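K.L.:
Dropping in upload-v3.txt, with compact mmCIF, C-alpha atoms and all ligand atoms.
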# COMPACT_ATOMS: atom_id res chain seq x y z
CA MET A 220 -25.41 7.02 12.29
CA VAL A 221 -22.80 4.29 11.94
CA GLN A 222 -22.22 1.46 14.39
CA THR A 223 -18.47 0.82 14.11
CA ASP A 224 -16.82 -2.56 14.59
CA GLN A 225 -16.57 -1.66 18.29
CA LYS A 226 -19.80 -2.08 20.26
CA HIS A 227 -19.41 1.13 22.25
CA LEU A 228 -18.16 3.37 19.42
CA ILE A 229 -20.62 5.25 17.20
CA GLU A 230 -20.02 7.71 14.38
CA VAL A 231 -22.54 10.40 13.42
CA ALA A 232 -22.39 12.90 10.58
CA GLY A 233 -21.70 16.48 11.58
CA SER A 234 -22.30 19.82 9.91
CA PHE A 235 -20.76 23.26 10.41
CA GLN A 236 -22.83 26.18 9.12
CA ASN A 237 -22.87 29.83 10.17
CA GLY A 238 -20.79 29.05 13.24
CA GLU A 239 -23.14 26.30 14.45
CA ILE A 240 -22.24 22.64 14.86
CA THR A 241 -25.12 20.24 14.38
CA THR A 242 -25.37 16.52 13.69
CA GLU A 243 -27.73 14.16 11.92
CA LEU A 244 -29.27 13.49 15.36
CA SER A 245 -31.23 15.94 17.50
CA PHE A 246 -29.54 17.22 20.63
CA ASP A 247 -31.96 15.09 22.71
CA GLU A 248 -31.03 11.94 20.76
CA LEU A 249 -27.33 12.73 21.01
CA ARG A 250 -27.50 13.40 24.76
CA LYS A 251 -29.27 10.08 25.32
CA LEU A 252 -26.68 8.26 23.21
CA VAL A 253 -23.74 9.69 25.15
CA LEU A 254 -25.10 9.90 28.70
CA ASP A 255 -27.72 7.12 28.94
CA ASP A 256 -26.47 4.55 26.44
CA ILE A 257 -22.82 5.40 27.36
CA LYS A 258 -21.59 5.34 23.77
CA ILE A 259 -18.38 7.04 22.71
CA THR A 260 -19.69 9.16 19.85
CA ILE A 261 -17.55 10.69 17.13
CA VAL A 262 -19.14 13.59 15.27
CA LYS A 263 -17.47 13.41 11.85
CA ASN A 264 -16.57 16.74 10.22
CA ALA A 265 -17.93 18.81 13.10
CA VAL A 266 -15.50 21.58 12.09
CA PRO A 267 -13.93 21.99 8.61
CA ALA A 268 -10.45 20.44 8.48
CA GLU A 269 -8.97 23.72 7.20
CA LEU A 270 -10.34 25.62 10.18
CA ALA A 271 -9.04 23.00 12.63
CA ALA A 272 -5.56 23.24 11.05
CA LYS A 273 -5.75 27.04 11.09
CA LEU A 274 -6.42 27.03 14.83
CA ARG A 275 -3.57 24.59 15.50
CA ASP A 276 -1.13 26.69 13.45
CA ALA A 277 -2.23 29.87 15.22
CA VAL A 278 -1.71 28.29 18.66
CA TRP A 279 1.73 27.08 17.59
CA ALA A 280 2.62 30.62 16.39
CA TRP A 281 1.37 32.01 19.72
CA ASN A 282 3.41 29.59 21.83
CA GLN A 283 6.55 30.43 19.83
CA LYS A 284 6.40 34.03 21.05
CA THR A 285 4.95 33.44 24.53
CA PRO A 286 7.18 32.42 27.47
CA LEU A 287 6.43 29.07 29.08
CA SER A 288 4.56 29.16 32.40
CA GLU A 289 5.13 27.07 35.51
CA ALA A 290 1.50 26.97 36.61
CA ASP A 291 -2.01 27.74 35.43
CA ASP A 292 -3.82 30.64 37.13
CA PHE A 293 -7.19 30.05 35.41
CA VAL A 294 -7.58 33.75 34.60
CA SER A 295 -5.02 34.34 31.83
CA ASN A 296 -3.50 32.63 28.79
CA LYS A 297 -0.73 30.13 29.53
CA HIS A 298 1.23 27.31 28.00
CA ARG A 299 3.21 24.72 29.90
CA HIS A 300 5.33 21.62 29.36
CA ARG A 301 3.59 19.13 31.59
CA CYS A 302 5.32 15.96 32.70
CA LEU A 303 4.66 14.35 36.07
CA VAL A 304 2.64 11.84 38.04
CA SER A 305 -0.18 13.64 39.78
CA LYS A 306 -0.26 12.98 43.52
CA LEU A 307 -4.04 13.27 43.60
CA GLN A 308 -4.82 11.52 40.34
CA GLN A 309 -1.99 8.94 40.39
CA SER A 310 -2.03 9.50 36.66
CA PRO A 311 1.20 10.10 34.70
CA TYR A 312 1.24 12.41 31.73
CA LEU A 313 3.50 14.12 29.20
CA PHE A 314 2.13 16.82 26.91
CA HIS A 315 2.27 20.52 26.04
CA ASP A 316 -0.77 22.31 27.38
CA HIS A 317 -2.21 25.67 26.23
CA THR A 318 -4.99 27.27 28.28
CA PHE A 319 -7.00 30.36 27.40
CA ASP A 320 -8.91 32.21 30.10
CA ASN A 321 -8.59 35.72 28.76
CA PHE A 322 -9.42 36.00 25.07
CA GLY A 323 -9.33 39.79 25.46
CA GLU A 324 -5.55 39.67 25.91
CA LEU A 325 -4.96 37.90 22.58
CA ASP A 326 -4.24 39.91 19.46
CA GLU A 327 -7.28 40.47 17.28
CA GLU A 328 -6.41 37.99 14.54
CA PHE A 329 -5.62 35.14 16.93
CA ARG A 330 -8.71 35.87 19.05
CA SER A 331 -10.86 35.74 15.93
CA ILE A 332 -9.45 32.34 14.91
CA MET A 333 -9.82 31.02 18.46
CA LEU A 334 -13.45 32.13 18.71
CA SER A 335 -14.28 30.81 15.24
CA VAL A 336 -13.84 27.33 16.72
CA TYR A 337 -14.47 27.77 20.44
CA GLU A 338 -17.72 29.72 20.21
CA PRO A 339 -19.31 26.92 18.10
CA LEU A 340 -17.97 24.37 20.60
CA ARG A 341 -19.37 26.38 23.51
CA LYS A 342 -22.81 26.67 21.88
CA PHE A 343 -22.79 22.99 20.98
CA TRP A 344 -22.02 21.87 24.54
CA ASN A 345 -24.67 24.21 25.98
CA ASN A 346 -27.27 22.93 23.50
CA LEU A 347 -26.33 19.34 24.21
CA THR A 348 -26.40 19.55 28.00
CA GLN A 349 -29.04 22.30 28.33
CA HIS A 350 -26.78 24.65 30.24
CA ASN A 351 -25.50 28.15 29.56
CA ILE A 352 -21.82 28.27 30.49
CA GLU A 353 -19.67 31.21 29.33
CA PHE A 354 -15.96 31.72 28.87
CA ALA A 355 -14.12 33.45 31.74
CA GLN A 356 -15.32 36.98 32.45
CA HIS A 357 -12.98 39.56 33.99
CA PRO A 358 -13.24 39.96 36.88
CA VAL A 359 -14.55 36.41 37.37
CA PRO A 360 -18.06 36.63 38.91
CA SER A 361 -18.21 34.94 42.29
CA GLY A 362 -19.75 31.47 42.34
CA THR A 363 -19.86 31.11 38.56
CA PRO A 364 -18.18 28.19 36.79
CA TYR A 365 -16.78 28.91 33.35
CA PHE A 366 -15.21 27.18 30.38
CA HIS A 367 -11.44 26.76 30.49
CA PRO A 368 -10.45 26.24 26.82
CA GLN A 369 -7.42 24.00 26.46
CA ILE A 370 -5.42 23.04 23.41
CA THR A 371 -3.16 20.08 24.02
CA HIS A 372 -0.20 19.07 21.89
CA TYR A 373 1.05 15.49 22.17
CA PRO A 374 4.44 15.77 20.44
CA VAL A 375 5.64 12.69 18.58
CA GLY A 376 8.07 10.54 20.54
CA GLY A 377 5.91 9.14 23.31
CA SER A 378 3.75 11.84 24.88
CA PHE A 379 0.62 10.45 26.53
CA PHE A 380 -1.93 10.84 29.33
CA GLY A 381 -2.49 7.97 31.77
CA ARG A 382 -5.81 6.40 32.68
CA HIS A 383 -8.08 8.65 34.73
CA TRP A 384 -11.68 9.65 35.10
CA HIS A 385 -13.67 12.70 36.22
CA ASP A 386 -16.79 13.45 38.22
CA LEU A 387 -19.84 13.37 35.96
CA ALA A 388 -21.06 16.83 37.08
CA PRO A 389 -20.80 19.60 36.12
CA GLN A 390 -19.22 18.62 32.79
CA TYR A 391 -21.45 15.63 31.90
CA VAL A 392 -20.14 15.45 28.33
CA GLY A 393 -16.45 15.76 27.43
CA ILE A 394 -15.57 17.16 24.01
CA ILE A 395 -12.32 16.42 22.15
CA LEU A 396 -11.89 18.15 18.78
CA SER A 397 -9.04 16.80 16.66
CA LEU A 398 -6.76 19.42 15.08
CA SER A 399 -4.35 16.97 13.38
CA LYS A 400 -4.52 14.80 10.28
CA TYR A 401 -4.10 11.10 10.92
CA GLY A 402 -1.24 9.66 8.85
CA VAL A 403 0.13 13.11 8.00
CA ASP A 404 0.71 15.12 11.18
CA TYR A 405 1.26 11.93 13.18
CA SER A 406 1.24 8.23 12.41
CA SER A 407 -0.03 6.45 15.48
CA GLY A 408 -1.05 6.80 19.10
CA SER A 409 -2.01 9.99 20.94
CA ASN A 410 -5.65 8.99 20.56
CA THR A 411 -8.12 8.58 23.37
CA ASN A 412 -9.05 5.15 24.63
CA PHE A 413 -11.98 4.44 26.92
CA GLU A 414 -13.09 1.56 29.12
CA ILE A 415 -16.76 0.64 29.16
CA ASP A 416 -18.14 -2.60 30.62
CA GLY A 417 -14.58 -3.92 30.84
CA GLU A 418 -14.02 -3.41 27.11
CA ILE A 419 -11.43 -1.05 25.63
CA VAL A 420 -12.81 1.43 23.11
CA ARG A 421 -10.16 2.73 20.71
CA THR A 422 -10.71 5.88 18.67
CA GLU A 423 -7.52 5.67 16.59
CA GLY A 424 -8.38 5.59 12.90
CA HIS A 425 -11.86 6.97 13.63
CA HIS A 426 -11.11 10.39 15.12
CA ASP A 427 -9.52 12.52 12.38
CA ILE A 428 -8.96 16.24 11.92
CA GLY A 429 -12.17 18.24 12.39
CA ASP A 430 -13.95 15.34 14.10
CA MET A 431 -15.25 15.72 17.64
CA THR A 432 -15.34 12.89 20.16
CA LEU A 433 -18.12 13.09 22.78
CA PHE A 434 -17.93 10.99 25.93
CA ARG A 435 -19.66 10.63 29.24
CA TYR A 436 -17.29 12.39 31.62
CA ASP A 437 -17.04 9.68 34.27
CA VAL A 438 -15.94 6.97 31.83
CA PRO A 439 -12.26 6.07 32.44
CA HIS A 440 -10.04 7.21 29.59
CA TRP A 441 -6.39 7.65 28.59
CA ILE A 442 -4.24 8.81 25.69
CA SER A 443 -1.94 6.26 24.07
CA HIS A 444 1.73 7.05 23.38
CA SER A 445 2.31 9.20 20.30
CA ASP A 446 4.62 7.79 17.62
CA ALA A 447 6.85 6.24 20.26
CA ALA A 448 9.57 5.25 17.76
CA GLU A 449 10.26 8.88 16.90
CA LYS A 450 12.55 11.23 18.78
CA PHE A 451 10.81 13.27 21.47
CA ASP A 452 11.28 17.03 21.28
CA TRP A 453 9.09 19.59 23.08
CA TYR A 454 9.76 21.99 20.22
CA ASN A 455 8.67 19.68 17.40
CA LYS A 456 5.26 20.74 16.10
CA ARG A 457 4.54 17.25 14.80
CA GLY A 458 2.25 15.05 16.81
CA ARG A 459 -1.39 15.23 17.67
CA TRP A 460 -3.21 18.42 18.66
CA VAL A 461 -6.66 18.50 20.25
CA ALA A 462 -9.00 21.24 21.47
CA ILE A 463 -11.01 20.48 24.59
CA LEU A 464 -13.56 22.43 26.58
CA PRO A 465 -13.47 21.58 30.29
CA ILE A 466 -15.52 23.53 32.81
CA TYR A 467 -13.60 25.11 35.66
CA ASP A 468 -15.45 25.85 38.87
CA PRO A 469 -13.21 27.75 41.30
CA TRP A 470 -15.84 27.38 44.02
CA ALA A 471 -16.30 23.64 43.79
CA VAL A 472 -14.80 21.30 46.36
CA PRO A 473 -12.36 19.77 45.58
CA THR A 474 -10.94 22.37 43.21
CA GLU A 475 -8.87 19.85 41.25
CA HIS A 476 -10.65 20.03 37.92
CA MET A 477 -8.73 17.63 35.78
CA ALA A 478 -9.11 14.12 36.97
CA LYS A 479 -9.30 11.52 39.66
CA GLY A 480 -7.35 8.33 40.11
CA PRO A 481 -8.06 4.82 38.92
CA GLN A 482 -11.61 3.71 39.29
CA PRO A 483 -13.42 0.48 38.45
CA ALA A 484 -14.57 0.39 34.84
CA LYS A 485 -18.05 1.58 33.96
FE FE B 1 -9.76 13.43 31.09
Kindly present the structure from the file in C-alpha cells form.
P.N.:
Amino acid sequence: MVQTDQKHLIEVAGSFQNGEITTELSFDELRKLVLDDIKITIVKNAVPAELAAKLRDAVWAWNQKTPLSEADDFVSNKHRHRCLVSKLQQSPYLFHDHTFDNFGELDEEFRSIMLSVYEPLRKFWNNLTQHNIEFAQHPVPSGTPYFHPQITHYPVGGSFFGRHWHDLAPQYVGIILSLSKYGVDYSSGSNTNFEIDGEIVRTEGHHDIGDMTLFRYDVPHWISHSDAAEKFDWYNKRGRWVAILPIYDPWAVPTEHMAKGPQPAK
C-alpha cells in the first residue's frame, strides 16, 4: 500500500487471475479504507492493460454501427452524446455515454469481451460491499436493483463532468476502471477529482489504463476538461475512456440514479 503525496489518495497493488480481481489488502481492509477512512483508493493493474484496451476498442466498434439514442431506457443497450446542465443535479456535462442493460442482445464476441471485464468488476464490488447484485435480467424482476454498466468516453477537446455527489446507499463504493493510456490516448484532464475535508484530491497521473479507482459514493467529485487545447469532435476516438458500474434501482425514490447537486464537502 502506497501513501501518495496527497493525504487522501492511496494506491494498492491489484491482481487479475482467473477472472477475479483481488488486491494486496483483504476485502475487509479495503472496505474500511474506502468507507470509514474515506480514502480515494486506486487499485493498480486491477485489469490487464491489454484487456482494458480490448474492451474500449470493442465498444468503439459497436458504437460505429449502432445508431445514437436520445434517452436511456435502462433495459437495452444504448449510446448517447450527452451535453447539458441537469435541472435536478445543476451539474453540467459533456461526454459520450454507452450503457449496457441487455448483454443477450450483443453479438457473441462483443458480449464475451464485455463480460471478461464486467463480471470480474461485478464480483469485486459484491465481495467488497457484501452484496449480491446482478446485471439486468429480462424481464426485470420487480423490486430488484441491478447493475447498469456504463462506458464513458471523454473525447479530447474539453469534455468533462461537473461537480456532483450521490447518495451513499445503495452503491456505497463507486468503481472507475480506466480504459485509456495516460500520455498516449490522451494527454491531460478527463480524470476524476474529489473533495474531502475541503482538500482537492487529484487522480491524474495516478489512474492509468487497467487501474481502478474506488471512492465512497457520497464524496463530491468531478471530471476535469480533457485536452482542452485540442479540437472537439464527437467522432474522434481519442480521449479518455472509463468503465463504471453504477447500481440502478427502478423502484427507489427518487429514480434519478446519477447524481445530486452541489453539497458541502465531506
Ligand atoms: Fe458521479
K.L.:
Give me, as a Markdown table, the closest atom pair and its distance (Å, one decimal) for every residue of chain A within a cut-off of 8 Å of ligand FE 1 (chain B), counting all atoms listed in the file, rows sorted by chain and rising number.
P.N.:
| residue | atom | partner | partner_atom | distance |
| --- | --- | --- | --- | --- |
| A:His383 | CA | B:FE1 | FE | 6.2 |
| A:Trp384 | CA | B:FE1 | FE | 5.8 |
| A:His385 | CA | B:FE1 | FE | 6.5 |
| A:Gly393 | CA | B:FE1 | FE | 8.0 |
| A:Tyr436 | CA | B:FE1 | FE | 7.6 |
| A:Pro439 | CA | B:FE1 | FE | 7.9 |
| A:His440 | CA | B:FE1 | FE | 6.4 |
| A:Trp441 | CA | B:FE1 | FE | 7.1 |
| A:Met477 | CA | B:FE1 | FE | 6.4 |
| A:Ala478 | CA | B:FE1 | FE | 6.0 |
K.L.:
Find the spatial neighbours of Lys263 in chain A, counting only C-alpha atoms, within a cut-off of 6 Å - ignore same-chain residues fewer than 6 positions away - and output them as an MDAnalysis selection string.
P.N.:
chainID A and resid 232:233 430
K.L.:
Could you pull out every residue with an atom within 10 Å of (6.5, 14.1, 18.4), file coordinates, counting only C-alpha atoms, and send them as an NGL selection string?
P.N.:
:A and (314 or 372-378 or 404-406 or 409 or 444-459)
K.L.:
Would you mind listing, for every residue of range 342-408 of chain A within 7 Å of range 301-311 of chain A, the two atoms forming the shortest contact and the distance between them in Å to one decimal, using all atoms listed in the file, sorted by chain and ascending residue number, as JSON lines?
P.N.:
{"residue": "A:Phe380", "atom": "CA", "partner": "A:Pro311", "partner_atom": "CA", "distance": 6.3}
{"residue": "A:Gly381", "atom": "CA", "partner": "A:Ser310", "partner_atom": "CA", "distance": 5.1}
{"residue": "A:Arg382", "atom": "CA", "partner": "A:Ser310", "partner_atom": "CA", "distance": 6.3}
{"residue": "A:His383", "atom": "CA", "partner": "A:Ser310", "partner_atom": "CA", "distance": 6.4}
K.L.:
For a quick check of understanding, using all atoms listed in the file, which of A:Asp247, A:Asp468, A:Glu289, A:Glu327 has the smallest distance to Val359 in chain A?
P.N.:
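Of the candidates, the smallest distance to Val359 in chain A is held by A:Asp468.
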K.L.:
Pick from A:Ala271, A:Leu340, A:His367, A:Ala265: nearest to Asn296 in chain A, with all atoms listed in the file counted?
P.N.:
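Comparing A:Ala271, A:Leu340, A:His367, A:Ala265 against Asn296 in chain A, the winner is A:His367.
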K.L.:
Around (-15.4, 28.4, 29.9), as given in the file, which residues come within 6 Å? Count only C-alpha atoms and list them as a list in words.
P.N.:
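Nearby residues: Glu353, Phe354, Ala355, Tyr365, Phe366, His367 and Ile466 of chain A.
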K.L.:
Name the residues in contact with Ile463 in chain A at a cut-off of 9 Å, using only C-alpha atoms, excluding same-chain residues fewer than 3 positions from it; report them as number ranges by chain.
P.N.:
A: 340, 367-371, 393-397
K.L.:
Quick one: pull the distance between CA of Asn351 in chain A and CA of Ser335 in chain A, Å, one decimal.
P.N.:
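Interatomic distance, CA of Asn351 in chain A to CA of Ser335 in chain A: 18.4 Å.
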K.L.:
Quick one: everything within 10 Å of Ala272 in chain A, counting only C-alpha atoms, minus sequence neighbours fewer than 3 positions away in the same chain. Send it as a list in words.
P.N.:
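The residues that qualify are Pro267, Ala268, Glu269, Arg275, Asp276, Ala277, Val278, Ser397, Leu398, Ser399, Lys400, Ile428, Gly429 and Trp460 of chain A.
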K.L.:
What does the file look like for those residues with C-alpha atoms, as a short mmCIF file (atom, residue, chain, number, x, y, z; two decimals), in the coordinates of the input?
P.N.:
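Now in again03.cif:
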data_model
loop_
_atom_site.label_atom_id
_atom_site.label_comp_id
_atom_site.auth_asym_id
_atom_site.auth_seq_id
_atom_site.Cartn_x
_atom_site.Cartn_y
_atom_site.Cartn_z
CA PRO A 267 -13.93 21.99 8.61
CA ALA A 268 -10.45 20.44 8.48
CA GLU A 269 -8.97 23.72 7.20
CA ARG A 275 -3.57 24.59 15.50
CA ASP A 276 -1.13 26.69 13.45
CA ALA A 277 -2.23 29.87 15.22
CA VAL A 278 -1.71 28.29 18.66
CA SER A 397 -9.04 16.80 16.66
CA LEU A 398 -6.76 19.42 15.08
CA SER A 399 -4.35 16.97 13.38
CA LYS A 400 -4.52 14.80 10.28
CA ILE A 428 -8.96 16.24 11.92
CA GLY A 429 -12.17 18.24 12.39
CA TRP A 460 -3.21 18.42 18.66
#
K.L.:
Find the distance between CA of Asp316 in chain A and CA of Ser407 in chain A and write it in Å to one decimal.
P.N.:
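Going from CA of Asp316 in chain A over to CA of Ser407 in chain A covers 19.8 Å.
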K.L.:
Return the single residue from A:Val231, A:His426, A:His357, A:Asp416 that is closest to Glu243 in chain A, with distances computed using only C-alpha atoms.
P.N.:
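The answer is A:Val231, which sits nearest to Glu243 in chain A.
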K.L.:
What is the CA of Asn345 in chain A-CA of Lys226 in chain A distance in Å, reported with one decimal?
P.N.:
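CA of Lys226 in chain A lies at a distance of 27.3 Å from CA of Asn345 in chain A.
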K.L.:
Fewer than 6 positions away in the same chain doesn't count, so skip those; otherwise give me all residues within 12 Å of Lys342 in chain A, counting only C-alpha atoms, as a VMD selection string.
P.N.:
chain A and resid 238 to 241 246 334 to 336 348 to 354 366 464
K.L.:
When you count only C-alpha atoms, which of these residues is closest to Met333 in chain A: A:Arg421, A:Gln222, A:Ala462, A:Asp292?
P.N.:
A:Ala462
K.L.:
Calculated over only C-alpha atoms, which of the candidates A:Thr260, A:Gln356, A:Asn346, A:Gln236 has the smallest distance to Val294 in chain A?
P.N.:
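Smallest distance to Val294 in chain A is found for A:Gln356.
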K.L.:
So, counting only C-alpha atoms, which residue among A:Leu433, A:Val438, A:Asp256, A:Asn321 is closest to Ile419 in chain A?
P.N.:
A:Val438
K.L.:
Please provide as an mmCIF file with C-alpha atoms, keeping the file's coordinate frame all residues within 8 Å of Ser288 in chain A, with the sequence filter that same-chain residues fewer than 5 positions apart are discarded (counting all atoms listed in the file).
P.N.:
data_model
loop_
_atom_site.group_PDB
_atom_site.id
_atom_site.type_symbol
_atom_site.label_atom_id
_atom_site.label_comp_id
_atom_site.auth_asym_id
_atom_site.auth_seq_id
_atom_site.Cartn_x
_atom_site.Cartn_y
_atom_site.Cartn_z
ATOM 1 C CA LYS A 297 -0.730 30.130 29.530
ATOM 2 C CA HIS A 298 1.230 27.310 28.000
ATOM 3 C CA ARG A 299 3.210 24.720 29.900
#
